[in-house]
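Asks: The following file, my_file_6.cif, comprises mmCIF, C-alpha atoms:
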data_structure
#
loop_
_atom_site.label_atom_id
_atom_site.label_comp_id
_atom_site.auth_asym_id
_atom_site.auth_seq_id
_atom_site.Cartn_x
_atom_site.Cartn_y
_atom_site.Cartn_z
CA MET A 1 0.00 0.00 0.00
CA ILE A 2 1.32 3.43 -1.03
CA PRO A 3 1.62 5.95 1.84
CA LYS A 4 -0.86 8.81 1.61
CA ARG A 5 1.85 11.54 1.23
CA ALA A 6 3.67 9.56 -1.49
CA PHE A 7 0.37 8.99 -3.30
CA ILE A 8 -0.47 12.73 -3.23
CA ASN A 9 3.02 13.61 -4.46
CA SER A 10 2.77 11.15 -7.32
CA VAL A 11 -0.61 12.53 -8.36
CA VAL A 12 0.71 16.11 -8.29
CA ALA A 13 3.77 15.12 -10.32
CA ALA A 14 1.66 13.25 -12.85
CA SER A 15 -0.72 16.21 -13.16
CA ALA A 16 2.16 18.64 -13.67
CA PHE A 17 3.65 16.34 -16.30
CA ALA A 18 0.29 16.13 -18.08
CA VAL A 19 -0.13 19.90 -18.06
CA ALA A 20 3.42 20.41 -19.35
CA GLY A 21 2.83 17.81 -22.03
CA ALA A 22 -0.41 19.44 -23.11
CA PHE A 23 1.25 22.87 -23.20
CA GLY A 24 4.16 21.49 -25.22
CA ALA A 25 1.76 19.89 -27.68
CA ALA A 26 -0.16 23.14 -28.07
CA ARG A 27 3.08 25.02 -28.73
CA ALA A 28 4.19 22.36 -31.21
CA ASP A 29 1.00 23.11 -33.14
CA TYR A 30 1.71 26.86 -33.26
CA PRO A 31 0.23 28.70 -35.01
CA GLU A 32 -3.38 27.52 -34.82
CA LYS A 33 -5.20 30.76 -35.69
CA PRO A 34 -4.67 34.06 -37.56
CA ILE A 35 -1.89 36.38 -36.40
CA GLU A 36 -2.20 40.16 -36.13
CA PHE A 37 0.54 41.85 -38.18
CA ILE A 38 0.83 45.42 -36.88
CA ILE A 39 2.21 48.07 -39.26
CA PRO A 40 3.22 51.37 -37.57
CA PHE A 41 2.65 53.55 -40.65
CA GLY A 42 -0.12 54.36 -43.10
CA ALA A 43 -1.39 52.34 -46.05
CA GLY A 44 0.33 52.75 -49.39
CA GLY A 45 3.79 53.80 -48.19
CA GLY A 46 7.00 51.83 -48.53
CA ALA A 47 6.77 50.33 -45.03
CA ASP A 48 3.19 49.25 -45.67
CA ILE A 49 3.91 47.70 -49.08
CA GLU A 50 6.90 45.74 -47.79
CA GLY A 51 5.11 44.64 -44.63
CA ARG A 52 2.00 43.43 -46.42
CA LEU A 53 4.03 41.38 -48.89
CA LEU A 54 6.07 39.84 -46.07
CA ALA A 55 2.84 39.02 -44.20
CA THR A 56 1.44 37.33 -47.33
CA GLU A 57 4.55 35.23 -47.77
CA MET A 58 4.69 34.30 -44.08
CA SER A 59 1.01 33.30 -44.22
CA ARG A 60 1.85 30.81 -46.96
CA ILE A 61 4.71 29.35 -44.91
CA LEU A 62 2.93 29.21 -41.54
CA GLY A 63 -0.41 28.00 -42.90
CA VAL A 64 -2.48 30.72 -41.16
CA ASN A 65 -3.32 34.26 -42.19
CA LEU A 66 -1.16 37.13 -40.98
CA ILE A 67 -3.61 40.02 -40.99
CA PRO A 68 -2.04 43.45 -41.65
CA ILE A 69 -3.39 46.17 -39.37
CA ASN A 70 -2.18 49.77 -39.70
CA LYS A 71 -1.84 51.50 -36.33
CA VAL A 72 -0.60 54.99 -37.11
CA GLY A 73 0.55 57.73 -34.75
CA GLY A 74 3.41 59.09 -32.69
CA GLY A 75 6.09 57.97 -35.12
CA GLY A 76 5.33 54.36 -34.23
CA ALA A 77 4.32 54.94 -30.60
CA VAL A 78 0.73 53.78 -31.11
CA ALA A 79 1.75 50.53 -32.80
CA TYR A 80 4.56 49.67 -30.39
CA THR A 81 2.42 50.42 -27.34
CA TYR A 82 -0.30 48.15 -28.71
CA LEU A 83 2.29 45.42 -29.22
CA LYS A 84 3.83 45.91 -25.77
CA ASN A 85 0.42 45.47 -24.12
CA ALA A 86 -0.60 42.42 -26.19
CA ALA A 87 -0.54 38.86 -24.90
CA PRO A 88 2.88 37.20 -25.38
CA ASP A 89 1.42 34.22 -27.21
CA GLY A 90 2.77 34.69 -30.74
CA TYR A 91 -0.50 35.97 -32.19
CA THR A 92 0.53 39.62 -32.31
CA VAL A 93 3.66 40.70 -34.19
CA ALA A 94 4.80 44.13 -35.34
CA TRP A 95 6.62 45.17 -38.49
CA ASN A 96 9.26 47.32 -36.84
CA SER A 97 11.80 49.78 -38.19
CA THR A 98 14.38 52.23 -36.88
CA SER A 99 11.31 54.03 -35.50
CA ILE A 100 11.33 51.57 -32.60
CA LEU A 101 14.52 53.33 -31.45
CA THR A 102 13.59 56.90 -32.35
CA THR A 103 10.17 56.93 -30.71
CA THR A 104 11.46 55.34 -27.50
CA ASN A 105 14.37 57.80 -27.25
CA LEU A 106 12.27 60.87 -28.04
CA GLY A 107 10.05 60.33 -25.02
CA ASN A 108 6.94 59.59 -27.11
CA VAL A 109 6.50 56.53 -24.85
CA ASP A 110 7.57 55.74 -21.28
CA TYR A 111 9.49 52.56 -22.13
CA ALA A 112 12.66 51.56 -23.99
CA TYR A 113 12.99 49.43 -27.12
CA ASP A 114 13.85 46.38 -25.00
CA ALA A 115 10.39 46.45 -23.39
CA MET A 116 9.54 44.19 -26.33
CA ASP A 117 11.20 41.06 -27.72
CA HIS A 118 12.62 41.15 -31.23
CA VAL A 119 12.31 38.27 -33.67
CA GLY A 120 14.87 39.47 -36.21
CA ARG A 121 15.76 41.86 -39.01
CA VAL A 122 14.40 41.39 -42.51
CA GLU A 123 16.10 44.12 -44.54
CA TRP A 124 17.93 47.42 -44.48
CA GLN A 125 18.06 50.37 -46.84
CA PRO A 126 19.85 53.70 -47.18
CA MET A 127 18.26 57.08 -46.61
CA PRO A 128 19.57 59.17 -49.53
CA PHE A 129 19.96 62.93 -49.66
CA ALA A 130 17.74 64.04 -52.55
CA VAL A 131 17.05 67.27 -54.43
CA SER A 132 14.69 68.12 -57.25
CA GLY A 133 15.62 66.78 -60.66
CA ASP A 134 16.08 70.33 -61.98
CA ALA A 135 17.94 71.64 -58.90
CA ARG A 136 21.05 73.77 -59.39
CA TRP A 137 23.22 71.26 -57.48
CA ASP A 138 24.58 68.20 -59.26
CA THR A 139 26.80 67.05 -56.39
CA PHE A 140 26.53 67.00 -52.62
CA ASP A 141 29.69 69.10 -52.35
CA GLU A 142 28.00 71.85 -54.37
CA PHE A 143 25.06 71.85 -51.96
CA VAL A 144 27.42 71.94 -48.97
CA ALA A 145 29.44 74.83 -50.42
CA GLU A 146 26.31 76.96 -50.85
CA CYS A 147 25.06 75.98 -47.42
CA ARG A 148 28.31 76.98 -45.75
CA ASP A 149 28.31 80.32 -47.57
CA ASN A 150 24.69 81.00 -46.60
CA PRO A 151 23.96 79.39 -43.22
CA ARG A 152 20.32 78.43 -42.54
CA SER A 153 19.20 79.64 -45.98
CA LEU A 154 18.51 76.12 -47.27
CA LYS A 155 15.70 73.83 -46.09
CA VAL A 156 15.86 70.05 -45.74
CA SER A 157 12.60 68.15 -45.21
CA ASN A 158 12.07 64.90 -43.33
CA SER A 159 9.29 62.55 -42.27
CA GLY A 160 8.78 64.14 -38.84
CA SER A 161 10.62 65.47 -35.81
CA GLY A 162 12.82 62.78 -34.36
CA SER A 163 12.17 60.33 -37.20
CA ALA A 164 14.99 58.28 -38.67
CA THR A 165 15.05 60.59 -41.70
CA HIS A 166 15.29 63.63 -39.42
CA LEU A 167 18.17 62.11 -37.45
CA ALA A 168 20.00 61.11 -40.63
CA ALA A 169 19.59 64.66 -41.95
CA ILE A 170 20.90 66.14 -38.69
CA ALA A 171 23.88 63.80 -38.64
CA LEU A 172 24.73 64.38 -42.31
CA MET A 173 24.46 68.16 -42.09
CA ASP A 174 26.50 68.22 -38.88
CA ALA A 175 29.21 66.07 -40.48
CA ALA A 176 29.29 68.48 -43.43
CA GLY A 177 29.43 71.57 -41.19
CA CYS A 178 26.25 72.75 -42.82
CA GLU A 179 23.55 74.76 -41.01
CA VAL A 180 20.12 74.20 -42.55
CA THR A 181 16.49 74.55 -41.54
CA HIS A 182 14.95 71.13 -40.95
CA LEU A 183 11.30 70.81 -42.04
CA PRO A 184 9.31 67.97 -40.39
CA VAL A 185 6.67 67.81 -43.12
CA GLY A 186 5.53 64.20 -42.66
CA ILE A 187 5.77 61.13 -44.86
CA LYS A 188 2.99 62.14 -47.26
CA ARG A 189 4.37 65.65 -47.90
CA ARG A 190 8.07 64.85 -47.83
CA ASN A 191 8.57 64.21 -51.56
CA ALA A 192 6.08 66.90 -52.55
CA SER A 193 7.93 69.50 -50.49
CA VAL A 194 11.02 69.04 -52.66
CA LEU A 195 9.16 68.82 -55.95
CA SER A 196 7.22 72.02 -55.19
CA GLY A 197 10.27 73.98 -54.01
CA GLU A 198 9.04 74.31 -50.42
CA ALA A 199 12.20 72.45 -49.40
CA ASP A 200 15.56 72.46 -51.15
CA ALA A 201 16.37 68.85 -50.28
CA MET A 202 15.20 65.91 -48.22
CA ILE A 203 16.31 62.70 -46.57
CA ALA A 204 14.03 59.75 -47.33
CA PRO A 205 14.18 55.96 -47.29
CA LEU A 206 15.31 54.82 -50.73
CA THR A 207 12.02 52.97 -51.24
CA GLY A 208 10.23 56.32 -50.90
CA ALA A 209 12.41 58.07 -53.49
CA VAL A 210 13.44 55.45 -56.01
CA ASN A 211 10.52 55.79 -58.45
CA LEU A 212 10.77 59.58 -58.64
CA THR A 213 14.52 59.28 -59.10
CA LYS A 214 14.14 56.81 -61.97
CA ALA A 215 11.63 59.21 -63.54
CA GLY A 216 14.11 62.10 -63.31
CA LYS A 217 11.99 64.04 -60.81
CA LEU A 218 14.64 63.71 -58.08
CA LYS A 219 18.43 63.59 -57.98
CA LEU A 220 20.22 61.63 -55.28
CA LEU A 221 23.42 63.40 -54.23
CA ALA A 222 24.67 61.20 -51.39
CA MET A 223 23.89 58.09 -49.34
CA PRO A 224 24.61 58.37 -45.60
CA SER A 225 25.05 54.60 -45.67
CA GLY A 226 27.72 52.01 -45.09
CA SER A 227 27.97 51.05 -48.75
CA ARG A 228 26.70 51.97 -52.21
CA ASN A 229 23.31 50.69 -53.27
CA SER A 230 22.94 48.22 -56.13
CA VAL A 231 19.86 49.96 -57.54
CA MET A 232 21.54 53.40 -57.48
CA PRO A 233 25.22 52.41 -57.79
CA ASP A 234 26.40 55.81 -59.08
CA VAL A 235 25.38 57.63 -55.90
CA PRO A 236 28.38 57.96 -53.55
CA THR A 237 28.22 57.32 -49.83
CA ALA A 238 28.79 60.21 -47.44
CA ARG A 239 32.02 58.63 -46.25
CA GLU A 240 33.32 58.43 -49.81
CA LEU A 241 32.79 62.19 -49.97
CA GLY A 242 34.65 62.73 -46.72
CA TYR A 243 31.72 63.01 -44.29
CA ASP A 244 31.85 60.45 -41.48
CA ILE A 245 28.23 59.38 -41.15
CA ALA A 246 26.43 56.10 -41.82
CA LEU A 247 22.88 55.52 -40.59
CA ASP A 248 20.71 53.03 -42.44
CA LEU A 249 17.03 52.22 -41.95
CA PHE A 250 16.16 48.66 -40.91
CA ARG A 251 12.90 46.74 -40.85
CA GLY A 252 12.13 43.56 -38.92
CA LEU A 253 9.70 41.89 -36.54
CA SER A 254 8.98 42.38 -32.84
CA VAL A 255 6.67 40.60 -30.39
CA PRO A 256 5.47 41.22 -26.82
CA LYS A 257 7.99 40.66 -24.03
CA GLY A 258 7.91 37.09 -22.75
CA THR A 259 6.82 35.42 -25.99
CA PRO A 260 8.04 31.78 -25.75
CA GLU A 261 11.41 31.09 -27.36
CA ASP A 262 10.12 28.30 -29.58
CA VAL A 263 7.35 30.57 -30.88
CA LYS A 264 9.87 33.30 -31.66
CA ALA A 265 12.05 30.71 -33.39
CA ARG A 266 9.14 29.59 -35.57
CA LEU A 267 8.37 33.18 -36.49
CA ALA A 268 12.03 33.87 -37.24
CA GLU A 269 12.24 30.84 -39.51
CA ALA A 270 9.12 31.88 -41.42
CA MET A 271 10.33 35.50 -41.56
CA ALA A 272 13.65 34.51 -43.15
CA GLN A 273 11.97 32.18 -45.66
CA ALA A 274 9.44 34.86 -46.61
CA ALA A 275 12.17 37.48 -46.97
CA ARG A 276 14.02 35.25 -49.43
CA SER A 277 10.89 34.38 -51.42
CA GLU A 278 10.88 35.23 -55.11
CA LYS A 279 8.21 37.92 -54.73
CA PHE A 280 9.92 39.67 -51.83
CA MET A 281 13.32 39.54 -53.52
CA ASP A 282 11.75 40.99 -56.68
CA LEU A 283 10.37 43.90 -54.65
CA ALA A 284 13.80 44.42 -53.09
CA ALA A 285 15.45 44.57 -56.50
CA GLN A 286 12.83 47.05 -57.71
CA LYS A 287 12.85 49.33 -54.66
CA GLY A 288 16.50 49.12 -53.63
CA PHE A 289 16.40 47.61 -50.14
CA THR A 290 18.79 44.83 -49.13
CA VAL A 291 17.29 41.58 -47.88
CA ASP A 292 19.60 40.50 -45.06
CA PRO A 293 17.79 38.53 -42.33
CA LEU A 294 19.29 38.50 -38.84
CA ASP A 295 18.23 36.17 -36.06
CA SER A 296 17.11 37.45 -32.68
CA ALA A 297 20.57 37.50 -31.07
CA ALA A 298 22.25 39.31 -33.97
CA PHE A 299 19.35 41.72 -34.26
CA ASP A 300 19.59 42.54 -30.55
CA GLU A 301 23.25 43.46 -31.07
CA LEU A 302 22.33 45.74 -33.98
CA LEU A 303 19.55 47.37 -31.99
CA ALA A 304 21.89 48.11 -29.09
CA ALA A 305 24.50 49.68 -31.40
CA ASP A 306 21.97 51.75 -33.36
CA ASN A 307 20.27 52.81 -30.14
CA GLU A 308 23.56 54.23 -28.88
CA THR A 309 24.05 56.14 -32.15
CA ILE A 310 20.53 57.55 -32.04
CA GLU A 311 20.83 58.55 -28.38
CA THR A 312 23.97 60.52 -29.28
CA ILE A 313 22.38 62.28 -32.25
CA LEU A 314 19.30 63.23 -30.23
CA LYS A 315 21.35 64.44 -27.27
CA ASN A 316 23.56 66.61 -29.49
CA ALA A 317 20.44 68.07 -31.14
CA ASP A 318 18.67 68.64 -27.79
CA LEU A 319 15.83 66.34 -28.86
CA SER A 320 16.08 63.65 -26.18
CA GLY A 321 12.93 62.79 -24.27
#
I'd like the structure from this file rewritten - as structure tokens, please.

Replies:
Amino acid sequence: MIPKRAFINSVVAASAFAVAGAFGAARADYPEKPIEFIIPFGAGGGADIEGRLLATEMSRILGVNLIPINKVGGGGAVAYTYLKNAAPDGYTVAWNSTSILTTTNLGNVDYAYDAMDHVGRVEWQPMPFAVSGDARWDTFDEFVAECRDNPRSLKVSNSGSGSATHLAAIALMDAAGCEVTHLPVGIKRRNASVLSGEADAMIAPLTGAVNLTKAGKLKLLAMPSGSRNSVMPDVPTARELGYDIALDLFRGLSVPKGTPEDVKARLAEAMAQAARSEKFMDLAAQKGFTVDPLDSAAFDELLAADNETIETILKNADLSG
């Protein structure tokens, strides 16, 4: 006859084992239902187009629908706050970008980028310095020379105060010793501000400028990037021109803090496969972004390094939150 205490202990152990087994089986079946795919910016823009295509390709791989949902506002603050407060069960993911570092450093939210978990990076792209196709400057050095001779007479537009494009513009102009007026006109007005003459130049993600450049409406004078871009190979990097600045825009996936490791691994696997799909690679070749998936550990290292760079730029510009 089994002693009462031993019997109780065996029942508890068996129950715990059964629960763990059931939980493991449920996780092995992940995903079992549609997944929310949160996009921090509006429909129709480069971030939206890329994110929706990635979601479509991941849906095919995972066997459930990833449903794109645009949550716009605060330079990403609305989307990232929604993600941060979601259940850590793998059924809410966000299409992140460098905005996850800018919005958290600006003080738009009361948490840091590591208040969420990060699945991995999908791609990166330069943020070129662009002027109108009929502008009087044909080189970045010509723009800089005029700027130095006439401080604060030239205007450079960006996607919004504290955005990645704003920070890249600040860093590039500072490296060039060039005092300009920065115009935070927003994503929708950024290109138009240059084409209309409201602004003399702009910094934009390449995906937001490539079509107008191919059509001759814009000229790209410099890339504040680590290397030349294969779609626009004739455009020099800032460092090639003697200006020590490189700040690229990344895009990837984030999930709520505490999402199980095996769920994140499944998402990362599907993310990398989707990024290398024929359709996504075709879009990359057309728009000029570089598909270069990073796993969670490598992406965390990149985030930490870029966060330090962004903190420095914001502090020097008196924009820190």

Asks: Which of these, A:Thr56, A:Asn191, A:Gln125, A:Thr103, has the shortest distance to Ala79 of chain A once you count all atoms listed in the file?

Replies: A:Thr103

Asks: Between A:Glu123, A:Asp306, A:Asp292, A:Asp318, which is the closest to Ile100 of chain A once you count only C-alpha atoms?

Replies: A:Asp306

Asks: The PyMOL selection byres ((chain A and resi 252-266) around 10) on the file shown: which residues, as a PDB file with C-alpha atoms, keeping the file's coordinate frame?

Replies:
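The file below, part_12.pdb, is the result:
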ATOM      1  CA  ARG A  27       3.080  25.020 -28.730  1.00  0.00           C
ATOM      2  CA  ALA A  28       4.190  22.360 -31.210  1.00  0.00           C
ATOM      3  CA  TYR A  30       1.710  26.860 -33.260  1.00  0.00           C
ATOM      4  CA  PRO A  31       0.230  28.700 -35.010  1.00  0.00           C
ATOM      5  CA  PHE A  37       0.540  41.850 -38.180  1.00  0.00           C
ATOM      6  CA  ILE A  38       0.830  45.420 -36.880  1.00  0.00           C
ATOM      7  CA  GLY A  51       5.110  44.640 -44.630  1.00  0.00           C
ATOM      8  CA  LEU A  62       2.930  29.210 -41.540  1.00  0.00           C
ATOM      9  CA  TYR A  80       4.560  49.670 -30.390  1.00  0.00           C
ATOM     10  CA  THR A  81       2.420  50.420 -27.340  1.00  0.00           C
ATOM     11  CA  TYR A  82      -0.300  48.150 -28.710  1.00  0.00           C
ATOM     12  CA  LEU A  83       2.290  45.420 -29.220  1.00  0.00           C
ATOM     13  CA  LYS A  84       3.830  45.910 -25.770  1.00  0.00           C
ATOM     14  CA  ASN A  85       0.420  45.470 -24.120  1.00  0.00           C
ATOM     15  CA  ALA A  86      -0.600  42.420 -26.190  1.00  0.00           C
ATOM     16  CA  ALA A  87      -0.540  38.860 -24.900  1.00  0.00           C
ATOM     17  CA  PRO A  88       2.880  37.200 -25.380  1.00  0.00           C
ATOM     18  CA  ASP A  89       1.420  34.220 -27.210  1.00  0.00           C
ATOM     19  CA  GLY A  90       2.770  34.690 -30.740  1.00  0.00           C
ATOM     20  CA  TYR A  91      -0.500  35.970 -32.190  1.00  0.00           C
ATOM     21  CA  THR A  92       0.530  39.620 -32.310  1.00  0.00           C
ATOM     22  CA  VAL A  93       3.660  40.700 -34.190  1.00  0.00           C
ATOM     23  CA  ALA A  94       4.800  44.130 -35.340  1.00  0.00           C
ATOM     24  CA  TRP A  95       6.620  45.170 -38.490  1.00  0.00           C
ATOM     25  CA  ASN A  96       9.260  47.320 -36.840  1.00  0.00           C
ATOM     26  CA  SER A  97      11.800  49.780 -38.190  1.00  0.00           C
ATOM     27  CA  THR A  98      14.380  52.230 -36.880  1.00  0.00           C
ATOM     28  CA  ILE A 100      11.330  51.570 -32.600  1.00  0.00           C
ATOM     29  CA  TYR A 113      12.990  49.430 -27.120  1.00  0.00           C
ATOM     30  CA  ASP A 114      13.850  46.380 -25.000  1.00  0.00           C
ATOM     31  CA  ALA A 115      10.390  46.450 -23.390  1.00  0.00           C
ATOM     32  CA  MET A 116       9.540  44.190 -26.330  1.00  0.00           C
ATOM     33  CA  ASP A 117      11.200  41.060 -27.720  1.00  0.00           C
ATOM     34  CA  HIS A 118      12.620  41.150 -31.230  1.00  0.00           C
ATOM     35  CA  VAL A 119      12.310  38.270 -33.670  1.00  0.00           C
ATOM     36  CA  GLY A 120      14.870  39.470 -36.210  1.00  0.00           C
ATOM     37  CA  ARG A 121      15.760  41.860 -39.010  1.00  0.00           C
ATOM     38  CA  VAL A 122      14.400  41.390 -42.510  1.00  0.00           C
ATOM     39  CA  GLU A 123      16.100  44.120 -44.540  1.00  0.00           C
ATOM     40  CA  TRP A 124      17.930  47.420 -44.480  1.00  0.00           C
ATOM     41  CA  PHE A 250      16.160  48.660 -40.910  1.00  0.00           C
ATOM     42  CA  ARG A 251      12.900  46.740 -40.850  1.00  0.00           C
ATOM     43  CA  LEU A 267       8.370  33.180 -36.490  1.00  0.00           C
ATOM     44  CA  ALA A 268      12.030  33.870 -37.240  1.00  0.00           C
ATOM     45  CA  GLU A 269      12.240  30.840 -39.510  1.00  0.00           C
ATOM     46  CA  ALA A 270       9.120  31.880 -41.420  1.00  0.00           C
ATOM     47  CA  MET A 271      10.330  35.500 -41.560  1.00  0.00           C
ATOM     48  CA  PRO A 293      17.790  38.530 -42.330  1.00  0.00           C
ATOM     49  CA  LEU A 294      19.290  38.500 -38.840  1.00  0.00           C
ATOM     50  CA  ASP A 295      18.230  36.170 -36.060  1.00  0.00           C
ATOM     51  CA  SER A 296      17.110  37.450 -32.680  1.00  0.00           C
ATOM     52  CA  PHE A 299      19.350  41.720 -34.260  1.00  0.00           C
TER      53      PHE A 299
END

Asks: Do you have the atom CA of Ser225 of chain A-atom CA of Phe129 of chain A distance handy?

Replies: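 Calculated distance between atom CA of Ser225 of chain A and atom CA of Phe129 of chain A is 10.5 Å.
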
Asks: For the structure provided, state which residues fall under the PyMOL selection byres ((chain A and resi 313) around 12), and present them as a count of residues only.

Replies: 33

Asks: Just give me the gap between atom CA of Ser159 of chain A and atom CA of Val185 of chain A in Å, one decimal is fine.

Replies: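 Atom-to-atom, atom CA of Ser159 of chain A to atom CA of Val185 of chain A, that is 5.9 Å.
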
Asks: Can you tell me how far atom CA of Ser59 of chain A sits from atom CA of Leu303 of chain A, in Å to one decimal?

Replies: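 A separation of 26.3 Å between them.
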
Asks: Counting all atoms listed in the file, what is within 9 Å of Leu241 of chain A, bar same-chain residues fewer than 3 positions away, as a compact mmCIF listing (two decimals) with C-alpha atoms, in the coordinates of the input?

Replies:
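Everything below was put into part.txt:
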# COMPACT_ATOMS: atom_id res chain seq x y z
CA PHE A 140 26.53 67.00 -52.62
CA ASP A 141 29.69 69.10 -52.35
CA ALA A 222 24.67 61.20 -51.39
CA PRO A 236 28.38 57.96 -53.55
CA THR A 237 28.22 57.32 -49.83
CA ALA A 238 28.79 60.21 -47.44
CA ASP A 244 31.85 60.45 -41.48

Asks: Which residues are near segment 204-214 of chain A? Cut-off 10 Å, only C-alpha atoms, ignore same chain within fewer than 3 positions. Put them as a ChimeraX atom specification.

Replies: /A:45-47,49-50,124-133,157-159,164-166,168-169,187-188,190-191,195,201,217-220,223,229,231-232,248-250,283-284,286-289

Asks: Out of A:Pro34, A:Lys71, A:Leu53, A:Arg136, which residue has the shortest atom-to-atom distance to Asp282 of chain A when counting all atoms listed in the file?

Replies: A:Leu53

Asks: Pick out the residues sitting within 8 Å of Gly42 of chain A, and hand them over as a ChimeraX atom specification; count only C-alpha atoms, and ignore anything fewer than 5 positions along from it in its own chain.

Replies: /A:48,70-72

Asks: Could the residues in this selection be saved with C-alpha atoms as a PDB file, keeping the file's coordinate frame?

Replies:
ATOM      1  CA  ASP A  48       3.190  49.250 -45.670  1.00  0.00           C
ATOM      2  CA  ASN A  70      -2.180  49.770 -39.700  1.00  0.00           C
ATOM      3  CA  LYS A  71      -1.840  51.500 -36.330  1.00  0.00           C
ATOM      4  CA  VAL A  72      -0.600  54.990 -37.110  1.00  0.00           C
TER       5      VAL A  72
END
